[in-house]
Amino acid sequence: MRVPLRWLREYVDLPVGETGRDVAARLVRAGLEVETVDEVDVPGPLVVGRVLDTADEPQSNGKTIRWCQVDVGEHNAEGGARGIVCGAHNFATGDLVVVALPGAVLPGGFAISARKTYGHVSDGMICSLKELDLGEDHSGIYVLPADLAAGAEPGADAKPLLGLPESVLDIAVTPDRGYALSVRGIAREAATAYDVPLRDPANFPLPTDDSLPGHPVSIGDPTGADRIVLRRVTGFDPAASSPLWLSSRLHLAGMRPISLAVDITNYVMLELGQPLHAFDESRLSGPVVVRRALAGERLLTLDGADRVLDPEDLLIADSSGPIALAGTMGGASTEISAASTDLVIEAAHFDAVTVARQSRRHKLSSEASRRFERGVDSSLQPVASARACALLVELGGATYVGASEVDERPARSSLTIPVDHPGCVAGVDYSPDVVVRRLRDVGCEVAGPDVEGRIVVTPPSWRPDLTDPNDLAEEVVRLEGYDGVPSVLRPTPAGRGFGTTKRHGLLISRALAAAGLTEVRCYPFVGVAALDALGLPADDARRDMVRLANPISDEEPFLRTTLLPGLLATAKRNVGRGFTDLALFEHGRVFHPKPGHPLPVPRPGVDRRPTDEELKALDDALPDQPFHVAVVMTGKLESDGWWGPGREATWADVIQVCREAAAAIDAPLIVAQAQRAPWHPGRCAQLLVDTGAEPLHVGYAGELHPRVVSELGLPARTVAAQIDLMTLAGFAEDLDVGPTISGFPMAKEDVALVVDEDVTASAVEDALRDGAGELLESLRLFDVYRDERLGAGRKSLAYALRFRAPNRTLTVEEASAARDAAVAEAARRVGAVQRT
Amino acid sequence: MSAPNKSFDPVEVTPLHPDEVARVRDEALAAFAAATDLDQLKAARLAHAGDRSPLALANREIGALPPQAKAEAGKRVGEARQVVRAALEARQTELEAERDERVLVEEAVDVTLPHDRRLQGARHPLTTLTERIGEVFAAMGYDIVDGPEVEAEWLNFDALNIPPDHPARTMQDTFFVESADSGLVLRTQTSPVQIRTMLTQEPPIYMICPGRVFRTDELDATHTPVFGQVEGLVVDEGITMADLKGTLDHFAASMFGEGIVTRLRPSYFPFTEPSAEVDLECFVCRGASVGDPANPCRTCSSEGWIEWGGCGVVNPRVLVACGIDPDRYSGFAFGMGIERTLMFRHDVRDMRDMVEGDVRFTQAFGMEV
């Protein structure tokens, strides 16, 4: 809502000298969000000029410029009138015009100076309304009309005539305050803020002679409208144009002046907040009715759209069919034209939800619909229509005919609240007098308090948002000032702090960062192309994704099932920016649709807690959305330096990072050989968590498939991993059992075992551990060796075993026996042969 | 060695002659003094203080003396040996010190050489900032709670007193899960986590819910369709706006410095009534830049206050939808954008930097903000 300050001052006696910013500050304190204060002004001399003489001079560029002698009174040049070159021709000798003299600065920072052009020195500029930012019209310069010209002398300051300077408050109106979408509503807040009386523009006298009939009207669906007023005028002069005060106010308020009749309906809407519509009565067929649309009906609206109507749509119709989408937009068939002389002004009170729904259904948000869906004052319809008719009579030469009305408004309801309720909400002790006075300030009728300290409050017709006790509390607290609310820090009961999930996320993020990885956060939006680039098979479960109805980009309408696309794209971006040695991770959710739960999701009521069954149905419909963590590494993990050569990140590093991540939350990770897109089939590890029973899958790690790497434009040998943190964390050790530290000597035994290539180190290790028994303290692989003497397809794995007993020094025989048992188990399970 | 001969005159045993003892002693002392390094000293030691040195040999001769001569000769030789030993030790210490000094100088290195062999990691500042906020509230006894990002509309809107056709629904540009009337959305706020908490937990409730939220804004310097929020909720008996103000002031002081306070401005949110915008006192200029064009403040644009978030008293209708008795309990709620907080707390100018994943951005913040 844009409010010119002069307009506001018509209804409120703001202190003289109070600037737009001053007023804005007061309104902000009262809860209106004033976004900007625009100052409309022309610094420097802007004066009235009389055109004394003109000469039209055709130019070689095809234009004809007009060389004018303009009398600007005391600002005249020494030789008399000033010479000004003008491009427009819509004026004549003797006309009074607005002249910007050298030194003036027009809106947009256009500084006027005497300059040579078209063979003359143009000593100023004759202005159009657009150049003054008072209108849209740039078809010609602005010629002062008779009413403004009367009494205006050449050389006089033109600004007062034009209503300059002006401040315009731009206010973002919250959805609860429909009344603030009017100068009247803002004026009410300003009056309260300055504690001065409001001259309510709605106190406009209604026509006393309504003896002649209005246009017949009825309400067919009282759920859609509870009041409608039609007023008729005849003899309107369609050629009459809007006076400057009207068109410039519309312009400053952000609406485009169109024609006098339309401008008047818009002006009254801005003034009072009541949307109006003007029909050409000669184009109406029979009585007007407010009703719902019938199946198959269509309406060509004023924006030129031919709309198929929905049976829920609320219409204004006549016997020809729909003529307007109620409270939203008029229809073309009854639109007033340049020939319309008999007009019907319609003012109605439509149901907010109905208008909101059809506005959204038809993607048609208008000044009218914005007001109706936020709530319009149900008392305004007779006044607003009368005000519009009075302006049509005054400015358009029309004659008022009469009115018709249907009024089915329900009785206004009231609330009973304890008078100390606002104070209890705020934590402030307001006296009953203050509470009652403040509620009356917003227009409520207040009775009481009674002996039990209760008051009965009837909110005004323009505040349909005041329905609950806390709504009333807010009015009192905001008008008394939020800055009067004290700051109290009450002691809180003991809490649980970070939950396990949050803590695990933080622990892993810390561990990975400490391990040299940099955290990134990617959008969760993906397209099929990203999965194709990963080489996922057609039936891969990761292709089963949640789709958005209105994605940011049609290329990426899905929610990710894997963190890799975003992470790999981020890696590529960094590599492209020169960071070729890179290790990144992301911690975030992925989304897997839950099969078997058809949409839409149920929508329980809100007048009670939903039942547990209803809540379960809500939860069941949600996709699974576990937290994952993913890693990508490329280039050197250790850099070259004065210490010697560095080292590339390999499949082994990324698997180790996963081990460290699991270790950070104390979860037992198992690494197994696997094949899975998008990883290199020979360099892919499946990650599982040891559950104590059957291990559960939690992710994959390894080198990316060379085809994927080249498809994505990543450096060769890029490695990556992804872990389902939710599953992994489910088996984090809650209570570690502390070890018993033995002080007895350790016995070391090294063994080298020869196995087939396809035997994994983890299988050998498991066998050794199981075979070695309880005396084994630790076991470590320290060498992998291949040699032709071992035979083709064989390898040697060398392990250091450390044995120790809790209660004695081990004998050589005991240690050897344990070692032999370990080797024997490895031989049994994986065919290991000990090298001697 | 001479054989024992009790009749022999001691002076006749040459090595034990006082002059001779003095001579070999002085010889030893001269040799030690002449040694210039530990190797030479070692040679001198073997020659003059070793088992085969003149004084050691002289010592053995003492046994051959008649008893009456033994004492005097023993004393003479003993004294000489002690002097020699002391001189040796002194010289040894001296030469070791010299050697140490030389060697340690030779072994000196440039300790300012960089040793950044391993890649340096960093946590995203939004993560660390969220963690810090969590710590502030954990210390106050709040629970830090998580919830789903794809959420039922009932939890994201209806239960928060945003009816299906209320204009407030369009205040937040919502991502809908296909199809548009599926009843599922990407949550536009973390408030559904508050609803979930109220549905499952009896008051008193003291919780915050940090997390990602989604709105259909195009990415630019000040907007991103995916961003972080932290919202707080308290439901208890007798909760007022004053408690809200006190909590926000404590939060502000914890994050921005002792004495920094908040200011409430009336506003509208469907789920709170009364509602307010939260402004933060500028922690850089503390208001000093207001009306002082010579010393403008970039952080608050010389306004003295920074828009931080929204808050209010929990609308009793929300309590009703969650099965909490509004006559017994009241509550407050607040919410802040984490990106926005990072922007003014750390002078980040462009939101795109937080989104693009450029390592330079994250690494500038290191492990902590």
# chains A, B, ... in the order shown; residues from 1 in each chain; ligands from 1
>>> select_by_dssp(residues="range 563-600 of chain A", states="helix (DSSP H, G or I)", output="MDAnalysis selection string")
chainID A and resid 564:576
>>> write_last_selection(atoms="C-alpha atoms", output="compact mmCIF listing (two decimals), in the first residue's frame")
# COMPACT_ATOMS: atom_id res chain seq x y z
CA LEU A 564 26.92 -37.63 -4.98
CA PRO A 565 25.51 -35.51 -7.86
CA GLY A 566 25.68 -32.28 -5.89
CA LEU A 567 28.99 -33.11 -4.30
CA LEU A 568 30.64 -34.15 -7.58
CA ALA A 569 29.36 -31.00 -9.30
CA THR A 570 30.81 -28.92 -6.47
CA ALA A 571 34.11 -30.77 -6.80
CA LYS A 572 34.15 -30.04 -10.51
CA ARG A 573 33.44 -26.35 -9.90
CA ASN A 574 36.36 -26.15 -7.47
CA VAL A 575 38.71 -28.02 -9.78
CA GLY A 576 37.70 -25.60 -12.53
>>> residues_around(residues="range 128-140 of chain B", least_positions_apart="6", cutoff="9 Å", atoms="only C-alpha atoms", output="mmCIF file with N, CA and C atoms, in the first residue's frame")
data_model
loop_
_atom_site.group_PDB
_atom_site.id
_atom_site.type_symbol
_atom_site.label_atom_id
_atom_site.label_comp_id
_atom_site.auth_asym_id
_atom_site.auth_seq_id
_atom_site.Cartn_x
_atom_site.Cartn_y
_atom_site.Cartn_z
ATOM 1 N N PRO A 491 14.182 -19.199 35.033
ATOM 2 C CA PRO A 491 14.942 -20.445 35.071
ATOM 3 C C PRO A 491 14.179 -21.542 34.327
ATOM 4 N N THR A 492 14.901 -22.380 33.632
ATOM 5 C CA THR A 492 14.240 -23.423 32.850
ATOM 6 C C THR A 492 14.504 -24.780 33.472
ATOM 7 N N PRO A 493 13.577 -25.721 33.266
ATOM 8 C CA PRO A 493 13.828 -27.073 33.765
ATOM 9 C C PRO A 493 14.976 -27.725 32.992
ATOM 10 N N ALA A 494 15.526 -28.787 33.562
ATOM 11 C CA ALA A 494 16.653 -29.477 32.931
ATOM 12 C C ALA A 494 16.242 -30.027 31.575
ATOM 13 N N GLY A 495 17.118 -29.945 30.596
ATOM 14 C CA GLY A 495 16.819 -30.440 29.261
ATOM 15 C C GLY A 495 17.819 -31.488 28.822
ATOM 16 N N ARG A 496 17.694 -31.899 27.584
ATOM 17 C CA ARG A 496 18.548 -32.970 27.078
ATOM 18 C C ARG A 496 19.594 -32.480 26.078
ATOM 19 N N GLY A 497 19.628 -31.201 25.773
ATOM 20 C CA GLY A 497 20.655 -30.689 24.870
ATOM 21 C C GLY A 497 20.567 -31.300 23.487
ATOM 22 N N PHE A 498 21.703 -31.512 22.889
ATOM 23 C CA PHE A 498 21.753 -32.100 21.552
ATOM 24 C C PHE A 498 21.294 -33.553 21.609
ATOM 25 N N LEU A 506 27.402 -33.699 14.187
ATOM 26 C CA LEU A 506 28.476 -32.776 14.553
ATOM 27 C C LEU A 506 29.798 -33.508 14.708
ATOM 28 N N MET B 207 12.601 -25.940 23.707
ATOM 29 C CA MET B 207 13.337 -26.587 22.611
ATOM 30 C C MET B 207 13.703 -25.578 21.534
ATOM 31 N N ILE B 208 14.760 -25.899 20.779
ATOM 32 C CA ILE B 208 15.003 -25.209 19.518
ATOM 33 C C ILE B 208 15.119 -26.254 18.419
ATOM 34 N N CYS B 209 14.809 -25.842 17.208
ATOM 35 C CA CYS B 209 14.909 -26.751 16.071
ATOM 36 C C CYS B 209 15.632 -26.046 14.942
ATOM 37 N N PRO B 210 16.936 -26.258 14.834
ATOM 38 C CA PRO B 210 17.657 -25.728 13.680
ATOM 39 C C PRO B 210 17.497 -26.682 12.501
ATOM 40 N N GLY B 211 17.486 -26.153 11.297
ATOM 41 C CA GLY B 211 17.410 -27.052 10.155
ATOM 42 C C GLY B 211 17.222 -26.308 8.853
ATOM 43 N N GLY B 228 18.896 -22.112 6.052
ATOM 44 C CA GLY B 228 18.798 -22.639 7.408
ATOM 45 C C GLY B 228 18.009 -21.698 8.300
ATOM 46 N N GLN B 229 17.301 -22.293 9.217
ATOM 47 C CA GLN B 229 16.546 -21.527 10.201
ATOM 48 C C GLN B 229 16.799 -22.146 11.555
ATOM 49 N N VAL B 230 16.721 -21.333 12.580
ATOM 50 C CA VAL B 230 16.639 -21.905 13.912
ATOM 51 C C VAL B 230 15.417 -21.289 14.560
ATOM 52 N N HIS B 250 19.113 -12.748 26.050
ATOM 53 C CA HIS B 250 20.206 -13.652 26.442
ATOM 54 C C HIS B 250 20.868 -14.260 25.199
ATOM 55 N N PHE B 251 20.038 -14.660 24.262
ATOM 56 C CA PHE B 251 20.526 -15.222 22.996
ATOM 57 C C PHE B 251 21.420 -14.191 22.292
ATOM 58 N N SER B 254 24.698 -13.741 24.068
ATOM 59 C CA SER B 254 25.567 -14.914 23.921
ATOM 60 C C SER B 254 26.231 -14.948 22.550
ATOM 61 N N MET B 255 25.513 -14.486 21.545
ATOM 62 C CA MET B 255 26.045 -14.576 20.184
ATOM 63 C C MET B 255 26.827 -13.333 19.771
ATOM 64 N N ILE B 338 19.623 -18.542 9.547
ATOM 65 C CA ILE B 338 21.027 -18.776 9.893
ATOM 66 C C ILE B 338 21.947 -18.101 8.876
ATOM 67 N N THR B 341 22.021 -14.488 9.675
ATOM 68 C CA THR B 341 22.837 -14.253 10.866
ATOM 69 C C THR B 341 24.321 -14.307 10.509
ATOM 70 N N LEU B 342 24.677 -15.291 9.690
ATOM 71 C CA LEU B 342 26.081 -15.395 9.271
ATOM 72 C C LEU B 342 26.492 -14.158 8.478
ATOM 73 N N MET B 367 37.525 -24.108 11.562
ATOM 74 C CA MET B 367 36.768 -25.109 12.304
ATOM 75 C C MET B 367 35.738 -24.496 13.242
ATOM 76 N N GLU B 368 35.734 -23.175 13.356
ATOM 77 C CA GLU B 368 34.876 -22.554 14.364
ATOM 78 C C GLU B 368 34.524 -21.147 13.920
ATOM 79 N N VAL B 369 33.314 -20.697 14.245
ATOM 80 C CA VAL B 369 32.988 -19.299 13.932
ATOM 81 C C VAL B 369 32.747 -18.538 15.230
#
>>> residues_around(residues="Gly78 in chain B", least_positions_apart="5", cutoff="10 Å", atoms="only C-alpha atoms", output="list in words")
Leu55, Ala56, Ala58, Asn59, Glu72, Ala73, Val83 and Val84 of chain B
>>> write_last_selection(atoms="N, CA and C atoms", output="CSV table (one decimal), in the first residue's frame")
chain,number,residue,atom,x,y,z
B,55,LEU,N,101.4,-42.5,36.9
B,55,LEU,CA,100.9,-42.4,38.3
B,55,LEU,C,100.3,-43.7,38.7
B,56,ALA,N,99.6,-44.3,37.8
B,56,ALA,CA,99.0,-45.6,38.1
B,56,ALA,C,100.1,-46.6,38.5
B,58,ALA,N,103.1,-45.9,39.5
B,58,ALA,CA,103.7,-45.5,40.7
B,58,ALA,C,102.9,-46.0,41.9
B,59,ASN,N,101.6,-45.9,41.8
B,59,ASN,CA,100.7,-46.3,42.8
B,59,ASN,C,100.9,-47.7,43.2
B,72,GLU,N,103.6,-42.1,53.6
B,72,GLU,CA,104.0,-40.9,52.9
B,72,GLU,C,103.9,-40.9,51.4
B,73,ALA,N,104.4,-42.0,50.9
B,73,ALA,CA,104.3,-42.2,49.4
B,73,ALA,C,102.9,-42.3,48.9
B,83,VAL,N,94.6,-34.6,41.8
B,83,VAL,CA,94.7,-33.4,41.0
B,83,VAL,C,94.6,-33.7,39.5
B,84,VAL,N,95.2,-34.8,39.1
B,84,VAL,CA,95.1,-35.2,37.6
B,84,VAL,C,93.6,-35.5,37.3
>>> closest_residue(among="B:Arg298, B:Val226, B:Met198, B:Val290", to="Ala321 in chain B", atoms="only C-alpha atoms")
B:Met198
>>> atom_distance(atom1="CA of Met545 in chain A", atom2="CA of His680 in chain A")
24.3 Å
>>> atom_distance(atom1="CA of Arg115 in chain A", atom2="CA of Leu161 in chain A")
27.1 Å
>>> select_by_dssp(residues="range 302-422 of chain A", states="strand (DSSP E)", output="ChimeraX atom specification")
/A:306-308,314-318,321-325,329-330,343-350,399-407,415-418
>>> write_last_selection(atoms="C-alpha atoms", output="mmCIF file, in the first residue's frame")
data_model
loop_
_atom_site.group_PDB
_atom_site.id
_atom_site.type_symbol
_atom_site.label_atom_id
_atom_site.label_comp_id
_atom_site.auth_asym_id
_atom_site.auth_seq_id
_atom_site.Cartn_x
_atom_site.Cartn_y
_atom_site.Cartn_z
ATOM 1 C CA ASP A 306 -11.035 -16.377 -21.737
ATOM 2 C CA ARG A 307 -11.528 -18.357 -18.553
ATOM 3 C CA VAL A 308 -13.231 -21.683 -18.067
ATOM 4 C CA LEU A 314 -18.298 -16.899 -7.376
ATOM 5 C CA LEU A 315 -19.713 -14.737 -10.129
ATOM 6 C CA ILE A 316 -21.655 -11.637 -10.768
ATOM 7 C CA ALA A 317 -24.035 -12.600 -13.538
ATOM 8 C CA ASP A 318 -26.959 -11.209 -15.432
ATOM 9 C CA GLY A 321 -24.432 -15.220 -18.015
ATOM 10 C CA PRO A 322 -21.273 -14.346 -16.075
ATOM 11 C CA ILE A 323 -20.264 -10.679 -16.187
ATOM 12 C CA ALA A 324 -17.558 -10.621 -13.498
ATOM 13 C CA LEU A 325 -15.462 -12.948 -11.383
ATOM 14 C CA MET A 329 -11.943 -9.040 -12.059
ATOM 15 C CA GLY A 330 -14.710 -7.718 -14.278
ATOM 16 C CA LEU A 343 -23.081 3.373 -15.235
ATOM 17 C CA VAL A 344 -23.812 0.906 -12.458
ATOM 18 C CA ILE A 345 -21.342 1.064 -9.558
ATOM 19 C CA GLU A 346 -21.171 -2.219 -7.691
ATOM 20 C CA ALA A 347 -19.885 -2.522 -4.139
ATOM 21 C CA ALA A 348 -20.106 -5.898 -2.423
ATOM 22 C CA HIS A 349 -18.847 -7.814 0.579
ATOM 23 C CA PHE A 350 -17.574 -11.132 -0.736
ATOM 24 C CA THR A 399 -26.757 12.506 -12.655
ATOM 25 C CA TYR A 400 -27.382 10.173 -9.746
ATOM 26 C CA VAL A 401 -30.330 7.861 -10.268
ATOM 27 C CA GLY A 402 -30.733 5.516 -7.337
ATOM 28 C CA ALA A 403 -29.592 2.416 -5.511
ATOM 29 C CA SER A 404 -30.504 -1.194 -4.871
ATOM 30 C CA GLU A 405 -29.109 -3.285 -2.070
ATOM 31 C CA VAL A 406 -29.132 -6.749 -0.555
ATOM 32 C CA ASP A 407 -27.878 -6.869 3.028
ATOM 33 C CA LEU A 415 -15.779 -11.596 22.826
ATOM 34 C CA THR A 416 -15.652 -11.653 26.576
ATOM 35 C CA ILE A 417 -12.176 -11.539 28.070
ATOM 36 C CA PRO A 418 -10.699 -10.812 31.473
#
>>> residues_around(residues="range 189-193 of chain B", least_positions_apart="2", cutoff="8 Å", atoms="only C-alpha atoms", output="ChimeraX atom specification")
/B:145-148,151,155-156,160,187,195-197,209-214,229-231
>>> residues_around(residues="range 380-385 of chain A", least_positions_apart="6", cutoff="12 Å", atoms="only C-alpha atoms", output="VMD selection string")
chain A and resid 179 184 200 to 207 210 225 to 233 264 to 278 343 to 350 391 to 392 400 402 to 407 409 460 to 462
>>> residues_around(residues="Glu18 in chain A", least_positions_apart="4", cutoff="12 Å", atoms="only C-alpha atoms", output="list in words")
Leu5, Arg6, Arg9, Asp13, Leu14, Asp22, Val23, Ala24, Ala25, Arg26, Ser167, Ala190 and Tyr194 of chain A
>>> closest_residue(among="A:Tyr785, A:Tyr482, A:Phe372, A:Phe91", to="chain B", atoms="only C-alpha atoms")
A:Tyr482
>>> closest_residue(among="B:Asp347, B:Asp181, B:Glu94, B:Glu106", to="Phe32 in chain B", atoms="only C-alpha atoms")
B:Glu94
>>> closest_residue(among="B:Val261, B:Ala86, B:Glu202, B:Glu149", to="Leu184 in chain B", atoms="only C-alpha atoms")
B:Glu149
>>> closest_residue(among="A:Leu790, A:Ala832, A:Ala752, A:Val173", to="chain B", atoms="only C-alpha atoms")
A:Val173
>>> closest_residue(among="B:Phe283, B:Phe334, B:Trp308, B:Tyr329", to="chain A", atoms="only C-alpha atoms")
B:Tyr329
>>> residues_around(residues="range 358-362 of chain B", least_positions_apart="4", cutoff="10 Å", atoms="only C-alpha atoms", output="compact mmCIF listing (two decimals) with N, CA and C atoms, in the first residue's frame")
# COMPACT_ATOMS: atom_id res chain seq x y z
N LEU A 517 39.16 -32.72 5.22
CA LEU A 517 38.10 -32.52 4.24
C LEU A 517 37.37 -31.21 4.53
N THR A 518 36.89 -30.59 3.45
CA THR A 518 36.17 -29.33 3.56
C THR A 518 34.69 -29.58 3.35
N GLU A 519 33.90 -29.01 4.26
CA GLU A 519 32.45 -29.27 4.20
C GLU A 519 31.79 -28.35 3.18
N VAL A 520 30.87 -28.88 2.40
CA VAL A 520 30.06 -28.07 1.50
C VAL A 520 28.60 -28.43 1.75
N THR A 570 30.05 -29.91 -7.25
CA THR A 570 30.81 -28.92 -6.47
C THR A 570 32.31 -29.16 -6.62
N ALA A 571 32.69 -30.44 -6.61
CA ALA A 571 34.11 -30.77 -6.80
C ALA A 571 34.58 -30.25 -8.15
N ARG A 573 33.38 -27.81 -9.92
CA ARG A 573 33.44 -26.35 -9.90
C ARG A 573 34.76 -25.90 -9.26
N ASN A 574 35.12 -26.54 -8.16
CA ASN A 574 36.36 -26.15 -7.47
C ASN A 574 37.59 -26.48 -8.30
N VAL A 575 37.58 -27.65 -8.94
CA VAL A 575 38.71 -28.02 -9.78
C VAL A 575 38.85 -26.99 -10.91
N ARG A 577 38.15 -24.00 -10.78
CA ARG A 577 38.67 -22.74 -10.25
C ARG A 577 40.11 -22.89 -9.77
N PHE A 579 41.44 -25.49 -7.89
CA PHE A 579 41.72 -26.25 -6.66
C PHE A 579 41.74 -27.74 -7.02
N LEU A 582 41.80 -31.72 -3.76
CA LEU A 582 40.51 -31.38 -3.19
C LEU A 582 39.97 -32.56 -2.39
N ALA A 583 39.44 -32.27 -1.24
CA ALA A 583 38.74 -33.29 -0.46
C ALA A 583 37.52 -32.62 0.14
N LEU A 584 36.32 -33.04 -0.28
CA LEU A 584 35.08 -32.40 0.15
C LEU A 584 34.18 -33.42 0.83
N GLY B 121 41.41 -29.19 6.30
CA GLY B 121 39.95 -29.29 6.23
C GLY B 121 39.28 -28.11 6.90
N ALA B 122 37.96 -28.00 6.71
CA ALA B 122 37.21 -26.93 7.36
C ALA B 122 35.74 -27.32 7.41
N ARG B 123 35.04 -26.79 8.39
CA ARG B 123 33.61 -27.04 8.51
C ARG B 123 32.87 -25.85 7.93
N HIS B 124 31.72 -26.13 7.36
CA HIS B 124 30.94 -25.04 6.77
C HIS B 124 30.50 -24.08 7.88
N PRO B 125 30.66 -22.77 7.66
CA PRO B 125 30.33 -21.83 8.73
C PRO B 125 28.86 -21.92 9.16
N LEU B 126 27.98 -22.35 8.26
CA LEU B 126 26.58 -22.50 8.67
C LEU B 126 26.46 -23.64 9.67
N VAL B 348 29.44 -11.27 5.50
CA VAL B 348 29.38 -11.98 4.22
C VAL B 348 28.42 -11.21 3.33
N ARG B 352 25.29 -16.30 -2.32
CA ARG B 352 25.71 -17.35 -3.26
C ARG B 352 27.01 -18.02 -2.81
N ASP B 353 27.83 -17.27 -2.07
CA ASP B 353 29.09 -17.85 -1.61
C ASP B 353 28.85 -19.03 -0.66
N MET B 354 27.72 -18.98 0.05
CA MET B 354 27.44 -20.06 1.02
C MET B 354 26.94 -21.31 0.30
N GLY B 366 37.50 -21.91 8.80
CA GLY B 366 38.19 -22.93 9.58
C GLY B 366 37.22 -23.85 10.31
N MET B 367 37.53 -24.11 11.56
CA MET B 367 36.77 -25.11 12.30
C MET B 367 35.74 -24.50 13.24
>>> decode(residues="range 133-146 of chain B", atoms="C-alpha atoms", output="PDB file, in the first residue's frame")
ATOM      1  CA  ILE B 133      23.483 -21.469  18.632  1.00  0.00           C
ATOM      2  CA  GLY B 134      22.693 -24.981  19.812  1.00  0.00           C
ATOM      3  CA  GLU B 135      25.268 -24.659  22.575  1.00  0.00           C
ATOM      4  CA  VAL B 136      23.727 -21.405  23.808  1.00  0.00           C
ATOM      5  CA  PHE B 137      20.346 -23.055  24.214  1.00  0.00           C
ATOM      6  CA  ALA B 138      21.660 -26.399  25.441  1.00  0.00           C
ATOM      7  CA  ALA B 139      23.325 -24.456  28.236  1.00  0.00           C
ATOM      8  CA  MET B 140      19.940 -22.935  29.085  1.00  0.00           C
ATOM      9  CA  GLY B 141      18.384 -26.385  29.349  1.00  0.00           C
ATOM     10  CA  TYR B 142      16.689 -26.537  25.961  1.00  0.00           C
ATOM     11  CA  ASP B 143      16.464 -29.628  23.775  1.00  0.00           C
ATOM     12  CA  ILE B 144      17.899 -29.344  20.263  1.00  0.00           C
ATOM     13  CA  VAL B 145      15.458 -31.197  18.034  1.00  0.00           C
ATOM     14  CA  ASP B 146      15.386 -32.341  14.411  1.00  0.00           C
TER      15      ASP B 146
END
